[in-house]
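*Asks:* As input, take model-v3.pdb (PDB, C-alpha atoms):
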```pdb
ATOM      1  CA  SER W   1       0.000   0.000   0.000  1.00  0.00           C
ATOM      2  CA  GLN W   2       1.036   3.602  -0.461  1.00  0.00           C
ATOM      3  CA  LYS W   3       2.621   5.276   2.532  1.00  0.00           C
ATOM      4  CA  ILE W   4       3.987   8.685   3.387  1.00  0.00           C
ATOM      5  CA  GLU W   5       6.047   8.675   6.565  1.00  0.00           C
ATOM      6  CA  GLN W   6       7.489  11.651   8.356  1.00  0.00           C
ATOM      7  CA  ASN W   7      10.309  10.535  10.554  1.00  0.00           C
ATOM      8  CA  SER W   8       9.386  12.026  13.857  1.00  0.00           C
ATOM      9  CA  GLU W   9       6.267  13.232  15.488  1.00  0.00           C
ATOM     10  CA  ALA W  10       8.046  16.097  17.245  1.00  0.00           C
ATOM     11  CA  LEU W  11      11.340  17.906  16.879  1.00  0.00           C
ATOM     12  CA  ASN W  12      12.737  20.409  19.397  1.00  0.00           C
ATOM     13  CA  ILE W  13      15.668  22.619  18.491  1.00  0.00           C
ATOM     14  CA  GLN W  14      17.363  25.756  19.734  1.00  0.00           C
ATOM     15  CA  GLU W  15      16.858  29.080  18.008  1.00  0.00           C
ATOM     16  CA  GLY W  16      19.467  29.699  15.313  1.00  0.00           C
ATOM     17  CA  LYS W  17      20.034  26.029  14.556  1.00  0.00           C
ATOM     18  CA  THR W  18      18.991  24.238  11.376  1.00  0.00           C
ATOM     19  CA  ALA W  19      15.896  22.054  11.562  1.00  0.00           C
ATOM     20  CA  THR W  20      15.825  19.023   9.272  1.00  0.00           C
ATOM     21  CA  LEU W  21      12.602  17.136   8.693  1.00  0.00           C
ATOM     22  CA  THR W  22      12.312  13.918   6.712  1.00  0.00           C
ATOM     23  CA  CYS W  23       9.595  12.553   4.467  1.00  0.00           C
ATOM     24  CA  ASN W  24       9.796   9.006   3.099  1.00  0.00           C
ATOM     25  CA  TYR W  25       7.314   7.435   0.749  1.00  0.00           C
ATOM     26  CA  THR W  26       6.571   3.979  -0.621  1.00  0.00           C
ATOM     27  CA  ASN W  27       4.621   2.782  -3.644  1.00  0.00           C
ATOM     28  CA  TYR W  28       4.399   6.246  -5.151  1.00  0.00           C
ATOM     29  CA  SER W  29       5.971   7.543  -8.317  1.00  0.00           C
ATOM     30  CA  PRO W  30       5.338  11.206  -7.623  1.00  0.00           C
ATOM     31  CA  ALA W  31       5.773  13.862 -10.229  1.00  0.00           C
ATOM     32  CA  TYR W  32       5.785  16.438  -7.408  1.00  0.00           C
ATOM     33  CA  LEU W  33       6.334  16.601  -3.696  1.00  0.00           C
ATOM     34  CA  GLN W  34       5.141  19.473  -1.547  1.00  0.00           C
ATOM     35  CA  TRP W  35       5.641  20.821   1.948  1.00  0.00           C
ATOM     36  CA  TYR W  36       2.989  22.632   3.946  1.00  0.00           C
ATOM     37  CA  ARG W  37       2.963  24.366   7.304  1.00  0.00           C
ATOM     38  CA  GLN W  38       0.068  24.102   9.730  1.00  0.00           C
ATOM     39  CA  ASP W  39      -0.420  26.210  12.826  1.00  0.00           C
ATOM     40  CA  PRO W  40      -2.803  25.115  15.611  1.00  0.00           C
ATOM     41  CA  GLY W  41      -6.410  25.771  14.701  1.00  0.00           C
ATOM     42  CA  ARG W  42      -5.562  26.813  11.153  1.00  0.00           C
ATOM     43  CA  GLY W  43      -5.554  25.273   7.711  1.00  0.00           C
ATOM     44  CA  PRO W  44      -2.301  24.086   6.127  1.00  0.00           C
ATOM     45  CA  VAL W  45      -0.395  26.664   4.109  1.00  0.00           C
ATOM     46  CA  PHE W  46       1.629  25.759   1.034  1.00  0.00           C
ATOM     47  CA  LEU W  47       5.383  26.371   1.323  1.00  0.00           C
ATOM     48  CA  LEU W  48       7.304  24.685  -1.471  1.00  0.00           C
ATOM     49  CA  LEU W  49       6.837  22.342  -4.404  1.00  0.00           C
ATOM     50  CA  ILE W  50       9.681  20.312  -5.871  1.00  0.00           C
ATOM     51  CA  ARG W  51       9.462  18.353  -9.107  1.00  0.00           C
ATOM     52  CA  GLU W  52      10.887  14.903  -9.678  1.00  0.00           C
ATOM     53  CA  ASN W  53      13.590  16.279 -11.960  1.00  0.00           C
ATOM     54  CA  GLU W  54      14.729  18.828  -9.378  1.00  0.00           C
ATOM     55  CA  LYS W  55      17.253  17.845  -6.739  1.00  0.00           C
ATOM     56  CA  GLU W  56      16.922  20.911  -4.562  1.00  0.00           C
ATOM     57  CA  LYS W  57      14.748  23.963  -4.149  1.00  0.00           C
ATOM     58  CA  ARG W  58      15.212  27.014  -1.950  1.00  0.00           C
ATOM     59  CA  LYS W  59      12.981  29.780  -0.684  1.00  0.00           C
ATOM     60  CA  GLU W  60      14.469  32.242   1.779  1.00  0.00           C
ATOM     61  CA  ARG W  61      15.519  30.157   4.823  1.00  0.00           C
ATOM     62  CA  LEU W  62      13.827  27.014   3.505  1.00  0.00           C
ATOM     63  CA  LYS W  63      15.493  24.281   1.473  1.00  0.00           C
ATOM     64  CA  VAL W  64      13.921  21.107   0.137  1.00  0.00           C
ATOM     65  CA  THR W  65      15.665  18.152  -1.465  1.00  0.00           C
ATOM     66  CA  PHE W  66      14.022  15.338  -3.396  1.00  0.00           C
ATOM     67  CA  ASP W  67      15.732  12.002  -3.967  1.00  0.00           C
ATOM     68  CA  THR W  68      13.537   9.752  -6.112  1.00  0.00           C
ATOM     69  CA  THR W  69      15.994   6.855  -5.752  1.00  0.00           C
ATOM     70  CA  LEU W  70      15.831   6.916  -1.964  1.00  0.00           C
ATOM     71  CA  LYS W  71      12.159   7.927  -2.138  1.00  0.00           C
ATOM     72  CA  GLN W  72      12.853  10.673   0.309  1.00  0.00           C
ATOM     73  CA  SER W  73      12.552  14.425   0.736  1.00  0.00           C
ATOM     74  CA  LEU W  74      14.380  16.498   3.308  1.00  0.00           C
ATOM     75  CA  PHE W  75      13.050  19.855   4.492  1.00  0.00           C
ATOM     76  CA  HIS W  76      15.520  22.254   6.106  1.00  0.00           C
ATOM     77  CA  ILE W  77      14.903  25.503   7.962  1.00  0.00           C
ATOM     78  CA  THR W  78      18.126  27.389   8.513  1.00  0.00           C
ATOM     79  CA  ALA W  79      18.674  30.006  11.236  1.00  0.00           C
ATOM     80  CA  SER W  80      15.464  28.807  12.865  1.00  0.00           C
ATOM     81  CA  GLN W  81      13.286  31.193  14.860  1.00  0.00           C
ATOM     82  CA  PRO W  82      10.572  30.599  17.471  1.00  0.00           C
ATOM     83  CA  ALA W  83       8.074  31.798  14.830  1.00  0.00           C
ATOM     84  CA  ASP W  84       8.970  28.709  12.781  1.00  0.00           C
ATOM     85  CA  SER W  85       7.326  26.538  15.435  1.00  0.00           C
ATOM     86  CA  ALA W  86       4.496  24.695  13.700  1.00  0.00           C
ATOM     87  CA  THR W  87       3.600  21.311  12.223  1.00  0.00           C
ATOM     88  CA  TYR W  88       5.125  20.628   8.829  1.00  0.00           C
ATOM     89  CA  LEU W  89       3.429  18.267   6.420  1.00  0.00           C
ATOM     90  CA  CYS W  90       4.728  16.646   3.283  1.00  0.00           C
ATOM     91  CA  ALA W  91       2.297  15.835   0.523  1.00  0.00           C
ATOM     92  CA  LEU W  92       2.415  13.741  -2.607  1.00  0.00           C
ATOM     93  CA  ARG W  93       0.500  13.704  -5.788  1.00  0.00           C
ATOM     94  CA  GLY W  94       0.955  11.042  -8.393  1.00  0.00           C
ATOM     95  CA  ASP W  95       1.313  11.427 -12.113  1.00  0.00           C
ATOM     96  CA  GLY W  96      -1.229  13.468 -13.988  1.00  0.00           C
ATOM     97  CA  ASN W  97      -3.724  15.975 -12.766  1.00  0.00           C
ATOM     98  CA  ASN W  98      -6.485  13.630 -11.731  1.00  0.00           C
ATOM     99  CA  ASN W  99      -4.798  12.111  -8.748  1.00  0.00           C
ATOM    100  CA  ASP W 100      -5.644  13.310  -5.276  1.00  0.00           C
ATOM    101  CA  MET W 101      -3.175  14.759  -2.786  1.00  0.00           C
ATOM    102  CA  ARG W 102      -2.176  12.697   0.252  1.00  0.00           C
ATOM    103  CA  PHE W 103      -0.390  13.953   3.342  1.00  0.00           C
ATOM    104  CA  GLY W 104       2.043  12.588   5.878  1.00  0.00           C
ATOM    105  CA  ALA W 105       1.123  12.757   9.555  1.00  0.00           C
ATOM    106  CA  GLY W 106       3.355  15.783  10.044  1.00  0.00           C
ATOM    107  CA  THR W 107       6.275  16.704  12.262  1.00  0.00           C
ATOM    108  CA  ARG W 108       5.666  19.207  15.047  1.00  0.00           C
ATOM    109  CA  LEU W 109       8.636  21.542  15.237  1.00  0.00           C
ATOM    110  CA  THR W 110       9.335  23.617  18.345  1.00  0.00           C
ATOM    111  CA  VAL W 111      12.084  26.211  18.204  1.00  0.00           C
ATOM    112  CA  LYS W 112      13.162  27.311  21.661  1.00  0.00           C
ATOM    113  CA  PRO W 113      14.538  30.811  22.247  1.00  0.00           C
TER     114      PRO W 113
ATOM    115  CA  ASN P   1     -10.099  37.783   0.057  1.00  0.00           C
ATOM    116  CA  ALA P   2     -10.167  35.284  -2.806  1.00  0.00           C
ATOM    117  CA  GLY P   3      -9.078  32.327  -0.690  1.00  0.00           C
ATOM    118  CA  VAL P   4     -10.908  29.086   0.022  1.00  0.00           C
ATOM    119  CA  MET P   5     -13.933  29.893   2.164  1.00  0.00           C
ATOM    120  CA  GLN P   6     -15.431  27.388   4.551  1.00  0.00           C
ATOM    121  CA  ASN P   7     -18.512  27.736   6.685  1.00  0.00           C
ATOM    122  CA  PRO P   8     -19.489  27.354   9.319  1.00  0.00           C
ATOM    123  CA  ARG P   9     -16.189  27.611  11.164  1.00  0.00           C
ATOM    124  CA  HIS P  10     -17.666  25.908  14.187  1.00  0.00           C
ATOM    125  CA  LEU P  11     -20.684  23.643  14.307  1.00  0.00           C
ATOM    126  CA  VAL P  12     -22.223  21.820  17.238  1.00  0.00           C
ATOM    127  CA  ARG P  13     -24.643  18.978  16.571  1.00  0.00           C
ATOM    128  CA  ARG P  14     -26.403  16.484  18.801  1.00  0.00           C
ATOM    129  CA  ARG P  15     -25.985  12.804  18.070  1.00  0.00           C
ATOM    130  CA  GLY P  16     -28.312  11.750  15.269  1.00  0.00           C
ATOM    131  CA  GLN P  17     -28.552  15.181  13.638  1.00  0.00           C
ATOM    132  CA  GLU P  18     -27.169  16.121  10.248  1.00  0.00           C
ATOM    133  CA  ALA P  19     -24.121  18.295   9.624  1.00  0.00           C
ATOM    134  CA  ARG P  20     -23.589  20.243   6.407  1.00  0.00           C
ATOM    135  CA  LEU P  21     -20.247  21.837   5.739  1.00  0.00           C
ATOM    136  CA  ARG P  22     -19.789  24.220   2.853  1.00  0.00           C
ATOM    137  CA  CYS P  23     -16.740  25.125   0.829  1.00  0.00           C
ATOM    138  CA  SER P  24     -16.301  27.776  -1.832  1.00  0.00           C
ATOM    139  CA  PRO P  25     -13.064  27.210  -3.739  1.00  0.00           C
ATOM    140  CA  MET P  26     -10.667  29.910  -4.766  1.00  0.00           C
ATOM    141  CA  LYS P  27     -11.739  31.917  -7.782  1.00  0.00           C
ATOM    142  CA  GLY P  28     -10.910  30.029 -10.945  1.00  0.00           C
ATOM    143  CA  HIS P  29     -10.482  26.679  -9.193  1.00  0.00           C
ATOM    144  CA  SER P  30     -12.686  23.772 -10.210  1.00  0.00           C
ATOM    145  CA  HIS P  31     -11.146  20.979  -8.127  1.00  0.00           C
ATOM    146  CA  VAL P  32     -12.140  20.521  -4.493  1.00  0.00           C
ATOM    147  CA  TYR P  33     -10.759  18.182  -1.839  1.00  0.00           C
ATOM    148  CA  TRP P  34     -12.096  17.367   1.612  1.00  0.00           C
ATOM    149  CA  TYR P  35      -9.890  16.178   4.471  1.00  0.00           C
ATOM    150  CA  ARG P  36     -10.622  15.242   8.062  1.00  0.00           C
ATOM    151  CA  GLN P  37      -8.255  15.899  10.934  1.00  0.00           C
ATOM    152  CA  LEU P  38      -8.735  14.421  14.362  1.00  0.00           C
ATOM    153  CA  PRO P  39      -7.024  16.070  17.361  1.00  0.00           C
ATOM    154  CA  GLU P  40      -3.272  15.424  17.325  1.00  0.00           C
ATOM    155  CA  GLU P  41      -3.555  13.452  14.071  1.00  0.00           C
ATOM    156  CA  GLY P  42      -2.696  14.059  10.441  1.00  0.00           C
ATOM    157  CA  LEU P  43      -4.901  15.040   7.544  1.00  0.00           C
ATOM    158  CA  LYS P  44      -6.920  12.128   6.211  1.00  0.00           C
ATOM    159  CA  PHE P  45      -8.082  12.356   2.623  1.00  0.00           C
ATOM    160  CA  MET P  46     -11.814  11.920   2.181  1.00  0.00           C
ATOM    161  CA  VAL P  47     -12.927  12.901  -1.302  1.00  0.00           C
ATOM    162  CA  TYR P  48     -11.801  14.708  -4.452  1.00  0.00           C
ATOM    163  CA  LEU P  49     -14.357  16.383  -6.691  1.00  0.00           C
ATOM    164  CA  GLN P  50     -14.592  18.384  -9.845  1.00  0.00           C
ATOM    165  CA  LYS P  51     -17.689  20.297 -10.846  1.00  0.00           C
ATOM    166  CA  GLU P  52     -20.561  17.788 -10.924  1.00  0.00           C
ATOM    167  CA  ASN P  53     -18.171  14.828 -10.663  1.00  0.00           C
ATOM    168  CA  ILE P  54     -16.695  12.768  -7.860  1.00  0.00           C
ATOM    169  CA  ILE P  55     -13.165  11.854  -8.955  1.00  0.00           C
ATOM    170  CA  ASP P  56     -12.032   9.856  -5.933  1.00  0.00           C
ATOM    171  CA  GLU P  57     -14.052   9.047  -2.840  1.00  0.00           C
ATOM    172  CA  SER P  58     -11.828   6.289  -1.541  1.00  0.00           C
ATOM    173  CA  GLY P  59     -11.407   8.038   1.805  1.00  0.00           C
ATOM    174  CA  MET P  60     -15.082   8.523   2.515  1.00  0.00           C
ATOM    175  CA  PRO P  61     -16.777   6.313   5.091  1.00  0.00           C
ATOM    176  CA  LYS P  62     -19.234   4.012   3.340  1.00  0.00           C
ATOM    177  CA  GLU P  63     -22.234   5.200   5.295  1.00  0.00           C
ATOM    178  CA  ARG P  64     -23.632   8.549   6.426  1.00  0.00           C
ATOM    179  CA  PHE P  65     -21.090  10.664   4.520  1.00  0.00           C
ATOM    180  CA  SER P  66     -21.635  12.228   1.113  1.00  0.00           C
ATOM    181  CA  ALA P  67     -20.142  15.070  -0.884  1.00  0.00           C
ATOM    182  CA  GLU P  68     -21.158  17.078  -3.884  1.00  0.00           C
ATOM    183  CA  PHE P  69     -19.823  19.936  -5.961  1.00  0.00           C
ATOM    184  CA  PRO P  70     -22.653  21.246  -8.108  1.00  0.00           C
ATOM    185  CA  LYS P  71     -22.310  23.291 -11.251  1.00  0.00           C
ATOM    186  CA  GLU P  72     -23.364  26.365  -9.301  1.00  0.00           C
ATOM    187  CA  GLY P  73     -22.644  27.012  -5.648  1.00  0.00           C
ATOM    188  CA  PRO P  74     -20.276  25.642  -3.062  1.00  0.00           C
ATOM    189  CA  SER P  75     -19.151  22.099  -2.436  1.00  0.00           C
ATOM    190  CA  ILE P  76     -21.071  20.440   0.389  1.00  0.00           C
ATOM    191  CA  LEU P  77     -19.864  17.724   2.744  1.00  0.00           C
ATOM    192  CA  ARG P  78     -22.869  16.136   4.395  1.00  0.00           C
ATOM    193  CA  ILE P  79     -22.771  13.906   7.451  1.00  0.00           C
ATOM    194  CA  GLN P  80     -26.027  12.246   8.386  1.00  0.00           C
ATOM    195  CA  GLN P  81     -26.896  10.906  11.834  1.00  0.00           C
ATOM    196  CA  VAL P  82     -23.710  12.219  13.382  1.00  0.00           C
ATOM    197  CA  VAL P  83     -21.958  10.298  16.139  1.00  0.00           C
ATOM    198  CA  ARG P  84     -19.373  11.495  18.659  1.00  0.00           C
ATOM    199  CA  GLY P  85     -16.582   9.964  16.572  1.00  0.00           C
ATOM    200  CA  ASP P  86     -17.385  12.423  13.771  1.00  0.00           C
ATOM    201  CA  SER P  87     -16.110  15.284  15.933  1.00  0.00           C
ATOM    202  CA  ALA P  88     -13.108  16.624  14.035  1.00  0.00           C
ATOM    203  CA  ALA P  89     -11.835  19.484  11.911  1.00  0.00           C
ATOM    204  CA  TYR P  90     -12.897  19.199   8.289  1.00  0.00           C
ATOM    205  CA  PHE P  91     -10.686  20.991   5.809  1.00  0.00           C
ATOM    206  CA  CYS P  92     -11.523  21.854   2.255  1.00  0.00           C
ATOM    207  CA  ALA P  93      -8.888  22.628  -0.349  1.00  0.00           C
ATOM    208  CA  SER P  94      -9.017  23.632  -3.985  1.00  0.00           C
ATOM    209  CA  SER P  95      -6.772  23.649  -7.017  1.00  0.00           C
ATOM    210  CA  SER P  96      -6.922  24.805 -10.593  1.00  0.00           C
ATOM    211  CA  THR P  97      -7.000  22.693 -13.720  1.00  0.00           C
ATOM    212  CA  ASP P  98      -3.843  24.292 -15.031  1.00  0.00           C
ATOM    213  CA  SER P  99      -1.328  21.541 -15.591  1.00  0.00           C
ATOM    214  CA  ASP P 100       1.529  23.592 -14.212  1.00  0.00           C
ATOM    215  CA  SER P 101      -0.013  25.220 -11.163  1.00  0.00           C
ATOM    216  CA  GLY P 102      -2.778  22.715 -10.499  1.00  0.00           C
ATOM    217  CA  ASN P 103      -0.586  20.554  -8.361  1.00  0.00           C
ATOM    218  CA  THR P 104      -0.646  22.995  -5.472  1.00  0.00           C
ATOM    219  CA  ILE P 105      -3.753  22.927  -3.357  1.00  0.00           C
ATOM    220  CA  TYR P 106      -4.923  25.749  -1.154  1.00  0.00           C
ATOM    221  CA  PHE P 107      -6.734  25.156   2.087  1.00  0.00           C
ATOM    222  CA  GLY P 108      -9.533  26.876   3.877  1.00  0.00           C
ATOM    223  CA  GLU P 109      -9.407  27.503   7.602  1.00  0.00           C
ATOM    224  CA  GLY P 110     -11.516  24.463   8.378  1.00  0.00           C
ATOM    225  CA  SER P 111     -14.865  23.675   9.922  1.00  0.00           C
ATOM    226  CA  TRP P 112     -14.770  22.317  13.474  1.00  0.00           C
ATOM    227  CA  LEU P 113     -17.575  19.871  14.132  1.00  0.00           C
ATOM    228  CA  THR P 114     -18.426  18.950  17.704  1.00  0.00           C
ATOM    229  CA  VAL P 115     -20.987  16.238  18.328  1.00  0.00           C
ATOM    230  CA  VAL P 116     -22.532  16.295  21.782  1.00  0.00           C
TER     231      VAL P 116
END
```
What does the file become when written as C-alpha cells?

*Replies:*
Amino acid sequence: SQKIEQNSEALNIQEGKTATLTCNYTNYSPAYLQWYRQDPGRGPVFLLLIRENEKEKRKERLKVTFDTTLKQSLFHITASQPADSATYLCALRGDGNNNDMRFGAGTRLTVKP
Amino acid sequence: NAGVMQNPRHLVRRRGQEARLRCSPMKGHSHVYWYRQLPEEGLKFMVYLQKENIIDESGMPKERFSAEFPKEGPSILRIQQVVRGDSAAYFCASSSTDSDSGNTIYFGEGSWLTVV
C-alpha cells in the first residue's frame, strides 16, 4: 500500500540552529512533492513544491531536497526562529492531474529561544 | 479575500442530527478536496471532486457521509446521523485545472464539528 512517513512526530531545536525534517514514501511515483505548514487551529499553508527532476529547491531560509531513488525528501529551515514553530506536512500527488493529494502525519517543530 | 472559504467555522450537533459543511473554492479553481483531521492526528483524505463529478471518494466512510460539488454554488460535505466519533476538523482545499499550477492545493481555515 502507499505510505507517506514523516520521521518524527516532534522535533525540538534551539533558536538559530537548522531544523531538518524527513519525508519518506513507498509505492508512489510522484511527479511532485510538496511541503505545507500548519499552525494550531488553522488550515495548512503551502510552502514549497519540488518536481521529480529537481534535486533541490530554496525559498528564503527554507530548502527542500528530493531524492527519487531513496524515495525521500528532506526539508531544512536554517537560522530557525521561534516563529517557525508549527507542524510541517509533506504531501504527494501522483502522475497526472487527476490524482488526489495525500499527506504525511506531520512533524511538530518547536524552536526554543 | 479570494481564498478558500469554509462555513461554518464551528458547528455543534447532537448525536443523530445532520451536519452540512460548505466550501467555496478559490476563484478560478474547479477541483475541491475534503480532508478530516482528528485532534493530534494528520490530515486524512476523504474525497476529491470536480464540478458535478466525484473523482475519488476512496477516503469517505461508506455510510452517512456524502459530498457534492454542483455546477453552481459551493461544495457540500454532508454527514447524516452524526456520532461522537465524527467530531473533528474538516478541511476543504481547492486547485486549478492548469497543468503547471494545479498541483498545489490551497486550504480553507476548516470547519470544526463537535458532536454532543

*Asks:* Residue by residue, what does the PyMOL selection byres ((chain W) within 12 of (chain P)) grab here? Present the result as a compact mmCIF listing (two decimals) with C-alpha atoms, keeping the file's coordinate frame.

*Replies:*
```txt
# COMPACT_ATOMS: atom_id res chain seq x y z
CA ILE W 4 3.99 8.68 3.39
CA GLU W 5 6.05 8.68 6.56
CA GLN W 6 7.49 11.65 8.36
CA GLU W 9 6.27 13.23 15.49
CA ALA W 10 8.05 16.10 17.24
CA PRO W 30 5.34 11.21 -7.62
CA ALA W 31 5.77 13.86 -10.23
CA TYR W 32 5.78 16.44 -7.41
CA LEU W 33 6.33 16.60 -3.70
CA GLN W 34 5.14 19.47 -1.55
CA TRP W 35 5.64 20.82 1.95
CA TYR W 36 2.99 22.63 3.95
CA ARG W 37 2.96 24.37 7.30
CA GLN W 38 0.07 24.10 9.73
CA ASP W 39 -0.42 26.21 12.83
CA PRO W 40 -2.80 25.12 15.61
CA GLY W 41 -6.41 25.77 14.70
CA ARG W 42 -5.56 26.81 11.15
CA GLY W 43 -5.55 25.27 7.71
CA PRO W 44 -2.30 24.09 6.13
CA VAL W 45 -0.40 26.66 4.11
CA PHE W 46 1.63 25.76 1.03
CA LEU W 47 5.38 26.37 1.32
CA LEU W 48 7.30 24.68 -1.47
CA LEU W 49 6.84 22.34 -4.40
CA ILE W 50 9.68 20.31 -5.87
CA ARG W 51 9.46 18.35 -9.11
CA THR W 87 3.60 21.31 12.22
CA TYR W 88 5.12 20.63 8.83
CA LEU W 89 3.43 18.27 6.42
CA CYS W 90 4.73 16.65 3.28
CA ALA W 91 2.30 15.84 0.52
CA LEU W 92 2.42 13.74 -2.61
CA ARG W 93 0.50 13.70 -5.79
CA GLY W 94 0.96 11.04 -8.39
CA ASP W 95 1.31 11.43 -12.11
CA GLY W 96 -1.23 13.47 -13.99
CA ASN W 97 -3.72 15.98 -12.77
CA ASN W 98 -6.48 13.63 -11.73
CA ASN W 99 -4.80 12.11 -8.75
CA ASP W 100 -5.64 13.31 -5.28
CA MET W 101 -3.18 14.76 -2.79
CA ARG W 102 -2.18 12.70 0.25
CA PHE W 103 -0.39 13.95 3.34
CA GLY W 104 2.04 12.59 5.88
CA ALA W 105 1.12 12.76 9.56
CA GLY W 106 3.36 15.78 10.04
CA THR W 107 6.28 16.70 12.26
CA ARG W 108 5.67 19.21 15.05
```

*Asks:* For a quick check of understanding, using all atoms listed in the file, which of P:Ala67, P:Ala19, P:Val12, P:Met60 has the smallest distance to Val115 in chain P?

*Replies:*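 So, comparing all the options, the nearest one is P:Val12.
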
*Asks:* What's the separation between CA of Val64 in chain W and CA of Ser1 in chain W, in Å to one decimal place?

*Replies:*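 Separating CA of Val64 in chain W from CA of Ser1 in chain W is a distance of 25.3 Å.
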
*Asks:* Using CA of Ile13 in chain W and CA of Glu60 in chain W as the two end points, give the distance in Å to one decimal.

*Replies:*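 Between CA of Ile13 in chain W and CA of Glu60 in chain W the gap is 19.3 Å.
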
*Asks:* If I take CA of Pro61 in chain P and CA of Met26 in chain P, how far is one from the other in Å, to one decimal?

*Replies:*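 Rounded to one decimal, the two atoms are 26.3 Å apart.
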
*Asks:* Applied to the shown file, which residues does the PyMOL selection byres ((chain P and resi 23) around 9) return, written as a list in words?

*Replies:*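 Those residues are Val4, Met5, Gln6, Asn7, Leu21, Arg22, Ser24, Pro25, Val32, Gly73, Pro74, Ser75, Ile76, Leu77, Phe91, Cys92, Ala93 and Gly108 of chain P.
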
*Asks:* Can you pull out every residue within 10 Å of Arg61 in chain W, counting only C-alpha atoms, but drop anything in the same chain fewer than 4 positions away, and send it as a PDB file with C-alpha atoms, in the frame of the given file?

*Replies:*
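Saved as selection09.pdb:
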```
ATOM      1  CA  THR W  18      18.991  24.238  11.376  1.00  0.00           C
ATOM      2  CA  HIS W  76      15.520  22.254   6.106  1.00  0.00           C
ATOM      3  CA  ILE W  77      14.903  25.503   7.962  1.00  0.00           C
ATOM      4  CA  THR W  78      18.126  27.389   8.513  1.00  0.00           C
ATOM      5  CA  ALA W  79      18.674  30.006  11.236  1.00  0.00           C
ATOM      6  CA  SER W  80      15.464  28.807  12.865  1.00  0.00           C
TER       7      SER W  80
END
```

*Asks:* Of the residues P:Ser87, P:Ser30, P:Ser95, P:Gln80, which is the one nearest to Glu63 in chain P, using only C-alpha atoms?

*Replies:* P:Gln80

*Asks:* Please provide as JSON, numbers by chain all residues within 6 Å of range 66-74 of chain W, with the sequence filter that same-chain residues fewer than 4 positions apart are discarded (counting only C-alpha atoms).

*Replies:* {"W": [21, 22, 23, 24, 25, 55]}

*Asks:* Give the centre and edge lengths of an axis-aligned box, in Å to one decimal, that holds all listed atoms of range 45-64 of chain W with 5 Å on each side, as AutoDock Vina command-line options.

*Replies:*
```
--center_x 8.4 --center_y 23.6 --center_z -3.6 --size_x 27.6 --size_y 27.3 --size_z 26.8
```

*Asks:* With all atoms listed in the file as the basis for distance, which of W:Ala86, W:Gln2, W:Gln81, W:Gln14 is at the shortest distance from Asn27 in chain W?

*Replies:*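 With all atoms listed in the file as the atom set, the closest residue is W:Gln2.
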